[in-house]
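**Q** As input, take final_25.cif (mmCIF, C-alpha atoms (C1' of nucleotides)):
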data_input
#
loop_
_atom_site.label_atom_id
_atom_site.label_comp_id
_atom_site.auth_asym_id
_atom_site.auth_seq_id
_atom_site.Cartn_x
_atom_site.Cartn_y
_atom_site.Cartn_z
CA MET A 50 63.66 129.03 -68.01
CA ALA A 51 60.75 126.59 -67.99
CA ARG A 52 61.55 125.74 -64.37
CA LYS A 53 58.53 127.08 -62.50
CA PRO A 54 55.15 125.72 -63.61
CA SER A 55 53.53 128.31 -65.84
CA ALA A 56 49.80 128.93 -65.97
CA ALA A 57 50.13 129.21 -69.73
CA ASP A 58 51.34 125.59 -69.80
CA ALA A 59 48.33 124.23 -67.93
CA PRO A 60 46.44 123.16 -71.08
CA LEU A 61 49.45 121.09 -72.17
CA ARG A 62 49.83 119.30 -68.84
CA LEU A 63 49.27 115.57 -69.12
CA ASP A 64 47.14 115.41 -65.99
CA ASN A 65 44.77 118.03 -67.32
CA GLN A 66 43.89 116.15 -70.46
CA ILE A 67 40.70 114.13 -70.53
CA CYS A 68 41.88 112.34 -73.65
CA PHE A 69 44.84 110.91 -71.76
CA ALA A 70 42.50 109.85 -68.98
CA VAL A 71 40.39 107.99 -71.54
CA TYR A 72 43.44 106.60 -73.34
CA SER A 73 45.05 105.27 -70.17
CA ALA A 74 41.75 103.95 -68.81
CA ALA A 75 41.24 101.98 -72.02
CA HIS A 76 44.65 100.35 -71.53
CA ALA A 77 43.86 99.64 -67.87
CA PHE A 78 40.61 97.92 -68.89
CA ASN A 79 42.51 95.90 -71.45
CA ARG A 80 44.95 94.68 -68.82
CA VAL A 81 42.12 93.68 -66.49
CA TYR A 82 40.29 91.87 -69.29
CA LYS A 83 43.33 89.99 -70.54
CA PRO A 84 43.51 87.21 -67.92
CA LEU A 85 39.71 86.78 -68.08
CA LEU A 86 39.64 86.58 -71.87
CA ASP A 87 42.68 84.31 -72.03
CA GLY A 88 40.37 81.67 -70.56
CA LEU A 89 38.06 82.15 -73.55
CA GLY A 90 40.90 82.26 -76.07
CA LEU A 91 39.90 85.78 -77.14
CA THR A 92 41.56 89.17 -77.30
CA TYR A 93 39.53 92.20 -76.22
CA PRO A 94 38.66 93.35 -79.77
CA GLN A 95 37.71 89.77 -80.63
CA TYR A 96 35.51 89.71 -77.51
CA LEU A 97 33.77 92.87 -78.73
CA VAL A 98 33.05 91.21 -82.08
CA MET A 99 31.65 88.19 -80.27
CA LEU A 100 29.43 90.46 -78.14
CA VAL A 101 28.00 91.90 -81.35
CA LEU A 102 27.42 88.44 -82.81
CA TRP A 103 25.86 87.09 -79.63
CA GLU A 104 23.30 89.87 -79.95
CA ARG A 105 22.70 89.24 -83.64
CA ASP A 106 24.13 86.60 -85.87
CA ASP A 107 24.70 86.32 -89.62
CA VAL A 108 25.52 89.98 -90.23
CA PRO A 109 27.79 91.62 -92.83
CA VAL A 110 31.24 92.86 -91.84
CA LYS A 111 30.08 96.43 -92.30
CA ASP A 112 27.39 96.12 -89.62
CA ILE A 113 29.96 94.90 -87.13
CA GLY A 114 32.22 97.77 -88.09
CA GLU A 115 29.49 100.34 -87.56
CA LYS A 116 28.70 99.06 -84.09
CA LEU A 117 32.35 98.93 -83.02
CA PHE A 118 33.57 101.96 -85.01
CA LEU A 119 36.12 99.78 -86.85
CA ASP A 120 36.83 99.37 -90.56
CA SER A 121 37.49 96.36 -92.75
CA GLY A 122 41.25 96.79 -92.48
CA THR A 123 40.92 95.90 -88.81
CA LEU A 124 38.02 93.47 -89.01
CA THR A 125 39.03 91.32 -91.97
CA PRO A 126 42.16 89.82 -90.38
CA LEU A 127 40.47 89.67 -86.95
CA LEU A 128 37.53 87.73 -88.39
CA LYS A 129 39.89 85.40 -90.20
CA ARG A 130 41.51 84.63 -86.86
CA LEU A 131 38.09 83.97 -85.30
CA GLU A 132 37.34 81.67 -88.24
CA ALA A 133 40.66 79.87 -87.74
CA ALA A 134 39.57 79.39 -84.09
CA HIS A 135 36.32 77.82 -85.39
CA LEU A 136 34.17 80.46 -83.67
CA VAL A 137 32.68 82.07 -86.80
CA LYS A 138 32.03 81.22 -90.43
CA ARG A 139 32.59 83.73 -93.25
CA SER A 140 30.53 83.45 -96.43
CA ARG A 141 29.57 85.69 -99.35
CA SER A 142 25.99 86.90 -99.34
CA ARG A 143 23.89 85.43 -102.12
CA GLU A 144 21.83 88.61 -102.60
CA ASP A 145 24.87 90.91 -102.68
CA GLU A 146 28.12 89.25 -103.57
CA ARG A 147 30.10 92.19 -102.20
CA GLN A 148 29.06 91.42 -98.65
CA VAL A 149 30.67 88.81 -96.42
CA LEU A 150 28.28 87.48 -93.83
CA ILE A 151 29.61 86.46 -90.43
CA ALA A 152 27.81 83.64 -88.64
CA LEU A 153 28.58 81.95 -85.35
CA THR A 154 29.54 78.29 -85.32
CA PRO A 155 28.14 76.03 -82.59
CA GLN A 156 31.39 76.63 -80.68
CA GLY A 157 30.91 80.36 -81.14
CA HIS A 158 27.40 80.16 -79.70
CA ALA A 159 28.57 77.95 -76.86
CA LEU A 160 31.28 80.38 -75.84
CA LYS A 161 28.59 82.84 -74.76
CA GLU A 162 27.88 80.77 -71.68
CA LYS A 163 31.53 80.82 -70.66
CA ALA A 164 31.58 84.58 -71.17
CA ARG A 165 28.76 85.32 -68.75
CA SER A 166 31.09 85.57 -65.79
CA VAL A 167 33.27 88.24 -67.42
CA PRO A 168 31.13 91.36 -66.86
CA GLN A 169 30.78 90.78 -63.13
CA SER A 170 34.52 90.26 -62.77
CA ILE A 171 35.04 93.61 -64.44
CA LEU A 172 32.45 95.19 -62.20
CA ALA A 173 34.30 93.85 -59.18
CA ALA A 174 37.62 95.19 -60.45
CA SER A 175 36.02 98.59 -61.03
CA ASP A 176 35.23 98.71 -57.33
CA CYS A 177 32.37 101.07 -58.01
CA SER A 178 28.60 101.05 -57.78
CA VAL A 179 26.61 100.12 -60.85
CA SER A 180 24.81 103.45 -60.84
CA GLU A 181 28.09 105.36 -60.77
CA LEU A 182 29.42 103.28 -63.65
CA VAL A 183 26.25 103.77 -65.67
CA ALA A 184 26.41 107.53 -65.15
CA MET A 185 30.06 107.62 -66.18
CA LYS A 186 29.39 105.41 -69.19
CA ASP A 187 26.55 107.66 -70.36
CA GLY A 188 28.78 110.71 -70.07
CA ILE A 189 31.59 109.07 -72.02
CA VAL A 190 29.24 107.82 -74.73
CA ALA A 191 27.74 111.29 -75.13
CA LEU A 192 31.25 112.76 -75.42
CA ARG A 193 32.28 110.09 -77.92
CA ASP A 194 29.23 110.75 -80.06
CA ARG A 195 29.94 114.50 -80.09
CA LEU A 196 33.54 113.79 -81.14
CA ASN A 197 32.40 111.44 -83.88
CA ALA A 198 29.94 114.07 -85.06
CA VAL A 199 32.83 116.51 -85.49
CA ILE A 200 34.77 113.97 -87.55
CA GLY A 201 31.84 113.48 -89.91
CA GLU A 202 32.19 117.26 -90.66
CA MET B 25 15.80 80.77 -79.44
CA ALA B 26 17.79 83.84 -78.60
CA ARG B 27 15.27 85.94 -80.49
CA LYS B 28 13.70 88.01 -77.74
CA PRO B 29 16.08 90.11 -75.64
CA SER B 30 16.72 88.28 -72.42
CA ALA B 31 17.32 90.00 -69.10
CA ALA B 32 20.05 87.47 -68.43
CA ASP B 33 21.89 88.78 -71.48
CA ALA B 34 21.92 92.41 -70.31
CA PRO B 35 25.44 92.25 -68.83
CA LEU B 36 26.78 91.03 -72.18
CA ARG B 37 25.10 93.79 -74.19
CA LEU B 38 27.61 96.04 -75.90
CA ASP B 39 25.74 99.21 -74.99
CA ASN B 40 25.85 98.32 -71.31
CA GLN B 41 29.59 98.06 -71.10
CA ILE B 42 31.56 101.00 -69.77
CA CYS B 43 34.75 99.49 -71.11
CA PHE B 44 33.41 99.70 -74.65
CA ALA B 45 32.40 103.30 -74.02
CA VAL B 46 35.97 104.04 -72.96
CA TYR B 47 37.47 101.99 -75.79
CA SER B 48 35.39 103.68 -78.48
CA ALA B 49 35.86 107.15 -76.96
CA ALA B 50 39.63 106.66 -77.07
CA HIS B 51 39.39 105.89 -80.79
CA ALA B 52 37.13 108.90 -81.34
CA PHE B 53 39.67 111.15 -79.61
CA ASN B 54 42.41 109.68 -81.77
CA ARG B 55 40.48 110.50 -84.93
CA VAL B 56 39.88 114.08 -83.79
CA TYR B 57 43.55 114.52 -82.87
CA LYS B 58 44.90 113.09 -86.10
CA PRO B 59 44.42 116.10 -88.40
CA LEU B 60 45.68 118.44 -85.65
CA LEU B 61 48.79 116.36 -84.94
CA ASP B 62 49.52 115.81 -88.62
CA GLY B 63 50.44 119.48 -88.66
CA LEU B 64 53.03 118.80 -85.96
CA GLY B 65 54.27 115.61 -87.62
CA LEU B 66 53.30 113.55 -84.55
CA THR B 67 51.08 110.57 -83.83
CA TYR B 68 48.96 110.68 -80.68
CA PRO B 69 51.28 108.44 -78.60
CA GLN B 70 54.25 110.50 -79.79
CA TYR B 71 52.36 113.64 -78.73
CA LEU B 72 51.89 112.15 -75.25
CA VAL B 73 55.63 111.53 -74.99
CA MET B 74 56.30 115.11 -76.04
CA LEU B 75 53.83 116.36 -73.39
CA VAL B 76 55.85 114.49 -70.76
CA LEU B 77 59.12 115.91 -72.04
CA TRP B 78 57.76 119.46 -72.27
CA GLU B 79 57.01 119.17 -68.56
CA ARG B 80 60.40 117.72 -67.71
CA ASP B 81 63.34 117.06 -69.94
CA ASP B 82 66.30 114.67 -69.78
CA VAL B 83 64.47 111.77 -68.16
CA PRO B 84 65.01 108.00 -68.42
CA VAL B 85 62.73 105.90 -70.60
CA LYS B 86 61.30 104.27 -67.50
CA ASP B 87 59.99 107.59 -66.13
CA ILE B 88 58.16 108.26 -69.38
CA GLY B 89 56.75 104.75 -69.26
CA GLU B 90 55.46 105.19 -65.73
CA LYS B 91 53.67 108.42 -66.56
CA LEU B 92 52.07 107.02 -69.70
CA PHE B 93 51.60 103.41 -68.49
CA LEU B 94 53.69 102.10 -71.40
CA ASP B 95 56.66 99.74 -71.44
CA SER B 96 59.97 99.76 -73.27
CA GLY B 97 58.63 97.50 -76.00
CA THR B 98 56.35 100.35 -77.02
CA LEU B 99 58.57 103.29 -76.15
CA THR B 100 61.92 102.19 -77.60
CA PRO B 101 60.81 102.18 -81.26
CA LEU B 102 58.61 105.24 -80.73
CA LEU B 103 61.53 107.21 -79.27
CA LYS B 104 63.76 106.09 -82.12
CA ARG B 105 61.22 107.55 -84.52
CA LEU B 106 61.16 110.82 -82.55
CA GLU B 107 64.95 110.84 -82.71
CA ALA B 108 64.85 110.24 -86.47
CA ALA B 109 62.53 113.27 -86.65
CA HIS B 110 65.20 115.30 -84.74
CA LEU B 111 62.82 116.04 -81.85
CA VAL B 112 64.69 114.14 -79.11
CA LYS B 113 68.17 112.86 -78.37
CA ARG B 114 68.80 109.47 -76.75
CA SER B 115 71.93 108.91 -74.67
CA ARG B 116 73.14 106.48 -72.02
CA SER B 117 73.25 107.86 -68.50
CA ARG B 118 76.77 108.28 -67.15
CA GLU B 119 75.80 107.36 -63.57
CA ASP B 120 73.82 104.27 -64.58
CA GLU B 121 74.72 102.81 -67.95
CA ARG B 122 71.49 100.79 -68.03
CA GLN B 123 69.40 103.92 -68.39
CA VAL B 124 68.78 105.78 -71.61
CA LEU B 125 68.08 109.47 -71.06
CA ILE B 126 65.71 111.28 -73.39
CA ALA B 127 66.35 114.97 -73.99
CA LEU B 128 64.57 117.43 -76.25
CA THR B 129 66.44 118.95 -79.17
CA PRO B 130 65.93 122.66 -79.94
CA GLN B 131 63.36 121.59 -82.53
CA GLY B 132 61.67 119.47 -79.87
CA HIS B 133 61.46 122.47 -77.53
CA ALA B 134 60.23 124.71 -80.32
CA LEU B 135 57.41 122.35 -81.24
CA LYS B 136 55.77 123.14 -77.90
CA GLU B 137 54.71 126.55 -79.17
CA LYS B 138 53.06 125.02 -82.21
CA ALA B 139 51.27 122.54 -79.93
CA ARG B 140 49.60 125.19 -77.76
CA SER B 141 46.59 125.45 -80.07
CA VAL B 142 45.83 121.72 -79.86
CA PRO B 143 44.07 121.53 -76.47
CA GLN B 144 41.59 124.27 -77.30
CA SER B 145 40.73 122.60 -80.60
CA ILE B 146 39.99 119.43 -78.68
CA LEU B 147 37.92 121.35 -76.18
CA ALA B 148 35.90 122.83 -79.03
CA ALA B 149 35.36 119.40 -80.57
CA SER B 150 34.22 118.05 -77.20
CA ASP B 151 31.41 120.63 -77.26
CA CYS B 152 31.26 120.54 -73.50
CA SER B 153 31.98 122.86 -70.60
CA VAL B 154 35.38 122.75 -68.96
CA SER B 155 33.87 121.92 -65.58
CA GLU B 156 31.96 118.97 -67.04
CA LEU B 157 35.11 117.69 -68.73
CA VAL B 158 37.14 118.05 -65.55
CA ALA B 159 34.52 116.14 -63.58
CA MET B 160 34.44 113.39 -66.17
CA LYS B 161 38.23 113.24 -66.35
CA ASP B 162 38.49 112.92 -62.56
CA GLY B 163 35.97 110.09 -62.56
CA ILE B 164 37.79 108.24 -65.33
CA VAL B 165 41.19 108.70 -63.69
CA ALA B 166 39.84 107.37 -60.39
CA LEU B 167 38.40 104.35 -62.20
CA ARG B 168 41.65 103.79 -64.09
CA ASP B 169 43.64 103.90 -60.87
CA ARG B 170 41.35 101.37 -59.21
CA LEU B 171 41.72 99.07 -62.24
CA ASN B 172 45.50 99.44 -62.19
CA ALA B 173 45.48 98.68 -58.47
CA VAL B 174 43.73 95.37 -59.19
CA ILE B 175 46.36 94.46 -61.79
CA GLY B 176 49.16 95.06 -59.31
CA GLU B 177 47.44 92.37 -57.23
"C1'" DT C 96 21.90 99.64 -122.73
"C1'" DC C 97 26.06 101.72 -121.34
"C1'" DA C 98 29.12 104.86 -118.92
"C1'" DC C 99 29.73 106.22 -114.42
"C1'" DA C 100 29.49 106.51 -109.45
"C1'" DT C 101 28.85 103.97 -105.19
"C1'" DT C 102 29.34 100.26 -102.04
"C1'" DT C 103 31.85 96.58 -99.89
"C1'" DA C 104 35.87 93.75 -98.58
"C1'" DA C 105 40.42 92.79 -99.09
"C1'" DT C 106 45.20 94.21 -99.30
"C1'" DT C 107 49.44 96.81 -98.13
"C1'" DG C 108 52.28 99.47 -95.20
"C1'" DT C 109 53.08 102.05 -90.87
"C1'" DT C 110 52.55 102.60 -86.02
"C1'" DC C 111 50.96 101.06 -81.39
"C1'" DG C 112 50.73 97.82 -77.43
"C1'" DC C 113 52.24 94.07 -74.93
"C1'" DA C 114 54.22 89.41 -73.55
"C1'" DA C 115 58.36 87.08 -73.40
"C1'" DT C 116 63.14 86.89 -73.83
"C1'" DT C 117 67.86 88.66 -73.94
"C1'" DG C 118 71.83 90.99 -72.22
"C1'" DA C 119 74.22 94.35 -69.84
"C1'" DA C 120 74.72 97.06 -65.53
"C1'" DT C 121 73.88 97.42 -60.84
"C1'" DG C 122 72.85 96.01 -56.12
"C1'" DT C 123 72.89 92.21 -52.26
"C1'" DG C 124 74.08 88.82 -49.07
"C1'" DC C 125 77.29 85.86 -47.44
"C1'" DG D 202 85.18 89.41 -53.32
"C1'" DC D 203 81.93 86.58 -55.51
"C1'" DA D 204 77.63 84.26 -56.63
"C1'" DC D 205 73.09 85.76 -57.05
"C1'" DA D 206 69.09 88.53 -57.84
"C1'" DT D 207 67.32 92.84 -59.64
"C1'" DT D 208 66.86 96.62 -62.85
"C1'" DC D 209 66.62 98.58 -67.34
"C1'" DA D 210 66.44 98.86 -72.26
"C1'" DA D 211 66.30 96.39 -76.49
"C1'" DT D 212 64.49 92.76 -79.30
"C1'" DT D 213 61.09 89.53 -81.29
"C1'" DG D 214 56.62 88.12 -82.46
"C1'" DC D 215 51.71 88.75 -82.64
"C1'" DG D 216 47.48 91.32 -82.75
"C1'" DA D 217 45.18 95.47 -83.30
"C1'" DA D 218 44.13 100.22 -85.74
"C1'" DC D 219 43.97 102.95 -89.69
"C1'" DA D 220 45.13 105.32 -94.24
"C1'" DA D 221 45.32 104.41 -98.91
"C1'" DT D 222 44.64 101.57 -102.65
"C1'" DT D 223 42.55 97.80 -105.33
"C1'" DA D 224 38.92 95.07 -107.24
"C1'" DA D 225 34.53 93.31 -107.70
"C1'" DA D 226 29.52 93.91 -107.40
"C1'" DT D 227 25.79 96.89 -107.52
"C1'" DG D 228 23.09 101.04 -108.44
"C1'" DT D 229 21.97 105.23 -111.41
"C1'" DG D 230 21.26 108.48 -115.16
"C1'" DA D 231 21.04 109.62 -119.73
#
Represent the supplied structure as structure tokens.
**A**
Amino acid sequence: MARKPSAADAPLRLDNQICFAVYSAAHAFNRVYKPLLDGLGLTYPQYLVMLVLWERDDVPVKDIGEKLFLDSGTLTPLLKRLEAAHLVKRSRSREDERQVLIALTPQGHALKEKARSVPQSILAASDCSVSELVAMKDGIVALRDRLNAVIGE
Amino acid sequence: MARKPSAADAPLRLDNQICFAVYSAAHAFNRVYKPLLDGLGLTYPQYLVMLVLWERDDVPVKDIGEKLFLDSGTLTPLLKRLEAAHLVKRSRSREDERQVLIALTPQGHALKEKARSVPQSILAASDCSVSELVAMKDGIVALRDRLNAVIGE
DNA sequence: TCACATTTAATTGTTCGCAATTGAATGTGC
DNA sequence: GCACATTCAATTGCGAACAATTAAATGTGA
């Protein structure tokens, strides 16, 4: 029993699952990023937060969370570590005392220049044309947004 | 300064990064899976381990790790939790005492039947044709394998 | 104005994920 | 046969990720 591969089992086969493809690809990206980001003193989630801040500074925690799909339980300790590394400053908003505004320090701004080489290293590791990557990215983003729509009922 | 979007900044823009697409899609999948897997009493990584074992039983930890791209630091505690839930049994191999063999319990085998409805729920949430998903999955797997090849020098 | 709901971060506890180390078992070269 | 390297799992420590709760600030309706 359960010796010969059954057609009924096909949906449960690991190799047939797109979610495992995505899950394992995310880990593979992380492993490629690690040596690059070690040079910046950042982890990958911290790098994502810095990407957000390099686009726009002095934003509440919630805005960062909405862009990265992360909540305060993840971001609060992460931001405290970035503050301990002197890359950001956390301060209560004066208009709304509930909000904590995240601003880059001069070191945080400066790190952007060191980070410019990262994307092209990733592109090289992907060993893939830009147009292929863009097409794949657009497909994945569309899928992600449909999944997130389901979660929001 | 840094007010108007600069072309030089495009590679650092969050929305341009395929890795963030993959990262955020993985989280979105996790959130869709959660309510489904709660009914099975599994987390998503535990579900992946069960998928491996439903395909082939009585395998060393290392084999599971190779299929899922996870190491013993992740798998050992996870497998202990599955054992505490009476879904697997851990035992030292008699031929090679270094190996720990993982076997399904009757409950572990039985859970497979309850899991059969999961993939179609995910498919429904994806709101996408099977052929599109397969094409996307193949593209992501190929990318993942190229990334993993870079890591292995 | 005052009770009440909402918003926002922070906190707590559990589970992953991985690097680095440890220790035991096995394989090898001489 | 014996020193040595390799393999494998377990352990430790740190950083996510998230659910659930707490607490403070703000908004709203009667």
**Q** Tell me as a PyMOL selection string which residues belonging to chain D come within 8 Å of chain A, counting all atoms listed in the file.
**A** chain D and resi 217-219+225-227
**Q** Fit chain B to chain A, all Cα atoms paired in order, least squares. Then write it as a short mmCIF file (atom, residue, chain, number, x, y, z; two decimals) with C-alpha atoms, in the frame of the given file.
**A**
data_model
loop_
_atom_site.label_atom_id
_atom_site.label_comp_id
_atom_site.auth_asym_id
_atom_site.auth_seq_id
_atom_site.Cartn_x
_atom_site.Cartn_y
_atom_site.Cartn_z
CA MET B 25 63.61 128.96 -68.14
CA ALA B 26 60.71 126.57 -68.06
CA ARG B 27 61.56 125.73 -64.47
CA LYS B 28 58.58 127.09 -62.58
CA PRO B 29 55.17 125.76 -63.63
CA SER B 30 53.56 128.33 -65.86
CA ALA B 31 49.83 128.97 -65.98
CA ALA B 32 50.13 129.21 -69.75
CA ASP B 33 51.33 125.61 -69.80
CA ALA B 34 48.31 124.23 -67.92
CA PRO B 35 46.43 123.16 -71.07
CA LEU B 36 49.44 121.10 -72.16
CA ARG B 37 49.81 119.33 -68.81
CA LEU B 38 49.26 115.60 -69.10
CA ASP B 39 47.15 115.43 -65.95
CA ASN B 40 44.76 118.04 -67.31
CA GLN B 41 43.88 116.15 -70.43
CA ILE B 42 40.68 114.13 -70.51
CA CYS B 43 41.86 112.35 -73.62
CA PHE B 44 44.82 110.92 -71.74
CA ALA B 45 42.48 109.84 -68.95
CA VAL B 46 40.39 107.99 -71.52
CA TYR B 47 43.44 106.61 -73.33
CA SER B 48 45.05 105.27 -70.17
CA ALA B 49 41.75 103.94 -68.80
CA ALA B 50 41.24 101.97 -72.01
CA HIS B 51 44.65 100.35 -71.53
CA ALA B 52 43.86 99.63 -67.87
CA PHE B 53 40.62 97.92 -68.88
CA ASN B 54 42.52 95.89 -71.46
CA ARG B 55 44.97 94.68 -68.83
CA VAL B 56 42.15 93.68 -66.48
CA TYR B 57 40.32 91.85 -69.28
CA LYS B 58 43.35 89.97 -70.52
CA PRO B 59 43.53 87.20 -67.91
CA LEU B 60 39.73 86.77 -68.07
CA LEU B 61 39.65 86.56 -71.87
CA ASP B 62 42.68 84.28 -72.02
CA GLY B 63 40.37 81.66 -70.57
CA LEU B 64 38.05 82.14 -73.55
CA GLY B 65 40.90 82.24 -76.06
CA LEU B 66 39.92 85.78 -77.13
CA THR B 67 41.60 89.17 -77.30
CA TYR B 68 39.56 92.18 -76.21
CA PRO B 69 38.69 93.34 -79.77
CA GLN B 70 37.74 89.76 -80.64
CA TYR B 71 35.53 89.70 -77.52
CA LEU B 72 33.78 92.86 -78.74
CA VAL B 73 33.07 91.21 -82.08
CA MET B 74 31.66 88.18 -80.28
CA LEU B 75 29.44 90.46 -78.15
CA VAL B 76 28.00 91.90 -81.36
CA LEU B 77 27.41 88.45 -82.83
CA TRP B 78 25.86 87.10 -79.62
CA GLU B 79 23.30 89.88 -79.96
CA ARG B 80 22.68 89.25 -83.64
CA ASP B 81 24.12 86.61 -85.88
CA ASP B 82 24.69 86.34 -89.63
CA VAL B 83 25.53 89.99 -90.24
CA PRO B 84 27.78 91.65 -92.83
CA VAL B 85 31.23 92.87 -91.84
CA LYS B 86 30.08 96.45 -92.31
CA ASP B 87 27.40 96.13 -89.60
CA ILE B 88 29.98 94.90 -87.12
CA GLY B 89 32.24 97.77 -88.11
CA GLU B 90 29.53 100.34 -87.55
CA LYS B 91 28.73 99.06 -84.08
CA LEU B 92 32.36 98.93 -83.02
CA PHE B 93 33.61 101.95 -85.03
CA LEU B 94 36.16 99.77 -86.84
CA ASP B 95 36.86 99.36 -90.55
CA SER B 96 37.51 96.36 -92.76
CA GLY B 97 41.26 96.80 -92.49
CA THR B 98 40.95 95.91 -88.82
CA LEU B 99 38.05 93.48 -89.00
CA THR B 100 39.04 91.31 -91.98
CA PRO B 101 42.17 89.80 -90.37
CA LEU B 102 40.50 89.65 -86.96
CA LEU B 103 37.54 87.72 -88.38
CA LYS B 104 39.89 85.38 -90.20
CA ARG B 105 41.52 84.61 -86.87
CA LEU B 106 38.10 83.96 -85.30
CA GLU B 107 37.33 81.66 -88.22
CA ALA B 108 40.64 79.84 -87.73
CA ALA B 109 39.57 79.37 -84.10
CA HIS B 110 36.28 77.80 -85.38
CA LEU B 111 34.15 80.46 -83.66
CA VAL B 112 32.67 82.07 -86.80
CA LYS B 113 32.02 81.22 -90.42
CA ARG B 114 32.56 83.72 -93.24
CA SER B 115 30.53 83.46 -96.44
CA ARG B 116 29.58 85.69 -99.35
CA SER B 117 26.00 86.93 -99.34
CA ARG B 118 23.89 85.45 -102.12
CA GLU B 119 21.84 88.64 -102.63
CA ASP B 120 24.88 90.94 -102.69
CA GLU B 121 28.15 89.25 -103.58
CA ARG B 122 30.13 92.21 -102.22
CA GLN B 123 29.09 91.44 -98.67
CA VAL B 124 30.68 88.85 -96.44
CA LEU B 125 28.28 87.49 -93.83
CA ILE B 126 29.61 86.47 -90.44
CA ALA B 127 27.80 83.66 -88.64
CA LEU B 128 28.56 81.97 -85.34
CA THR B 129 29.53 78.31 -85.32
CA PRO B 130 28.11 76.05 -82.58
CA GLN B 131 31.35 76.62 -80.68
CA GLY B 132 30.89 80.36 -81.14
CA HIS B 133 27.37 80.16 -79.68
CA ALA B 134 28.55 77.96 -76.84
CA LEU B 135 31.29 80.38 -75.84
CA LYS B 136 28.60 82.85 -74.76
CA GLU B 137 27.87 80.79 -71.67
CA LYS B 138 31.52 80.82 -70.66
CA ALA B 139 31.58 84.59 -71.18
CA ARG B 140 28.74 85.34 -68.76
CA SER B 141 31.10 85.57 -65.78
CA VAL B 142 33.27 88.24 -67.43
CA PRO B 143 31.14 91.36 -66.85
CA GLN B 144 30.78 90.76 -63.12
CA SER B 145 34.53 90.25 -62.77
CA ILE B 146 35.03 93.60 -64.44
CA LEU B 147 32.45 95.19 -62.20
CA ALA B 148 34.29 93.84 -59.17
CA ALA B 149 37.61 95.18 -60.46
CA SER B 150 36.02 98.59 -61.04
CA ASP B 151 35.23 98.72 -57.31
CA CYS B 152 32.37 101.07 -58.01
CA SER B 153 28.60 101.05 -57.79
CA VAL B 154 26.59 100.12 -60.85
CA SER B 155 24.77 103.45 -60.84
CA GLU B 156 28.07 105.36 -60.79
CA LEU B 157 29.39 103.27 -63.66
CA VAL B 158 26.22 103.77 -65.68
CA ALA B 159 26.40 107.52 -65.16
CA MET B 160 30.03 107.59 -66.19
CA LYS B 161 29.38 105.38 -69.21
CA ASP B 162 26.54 107.65 -70.37
CA GLY B 163 28.76 110.70 -70.06
CA ILE B 164 31.57 109.06 -72.01
CA VAL B 165 29.23 107.80 -74.74
CA ALA B 166 27.73 111.28 -75.13
CA LEU B 167 31.23 112.75 -75.42
CA ARG B 168 32.27 110.08 -77.91
CA ASP B 169 29.23 110.76 -80.05
CA ARG B 170 29.92 114.49 -80.08
CA LEU B 171 33.54 113.79 -81.12
CA ASN B 172 32.40 111.43 -83.87
CA ALA B 173 29.94 114.06 -85.05
CA VAL B 174 32.82 116.52 -85.49
CA ILE B 175 34.77 113.98 -87.55
CA GLY B 176 31.83 113.49 -89.89
CA GLU B 177 32.16 117.23 -90.55
#
**Q** I need the output of the PyMOL selection byres ((chain A and resi 168-182) around 7) for this file as a list in words; which residues are they?
**A**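 Given this file, the PyMOL selection byres ((chain A and resi 168-182) around 7) evaluates to Arg165, Ser166, Val167, Val183, Ala184, Met185 and Lys186 of chain A; Pro35, Leu36, Ile42, Leu167, Arg170, Leu171 and Val174 of chain B.
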**Q** Name the residues that the PyMOL selection byres ((chain C and resi 124) around 12) picks from the file above, as a ChimeraX atom specification, using the file's chain letters and numbers.
**A** /C:122-123,125 /D:202-206
**Q** Distance atom CA of B:Leu111-atom CA of B:Ala139, one decimal place?
**A**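 Those two atoms sit 13.4 Å apart.
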**Q** Tell me which of B:Thr100, B:Gln41, B:Ser30, B:Ser48 sits closest to chain C, counting all atoms listed in the file.
**A**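 Closest residue, counting all atoms listed in the file: B:Thr100.
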**Q** For the provided coordinates, the residues matched by the PyMOL selection byres ((chain D and resi 229) around 8) should be stated as a ChimeraX atom specification.
**A** /C:100 /D:228,230
**Q** Report, in Å with one decimal, the straight-line distance from atom CA of A:Asp58 to atom CA of B:Gly132.
**A**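 Atom-to-atom, atom CA of A:Asp58 and atom CA of B:Gly132 are spaced 15.7 Å apart.
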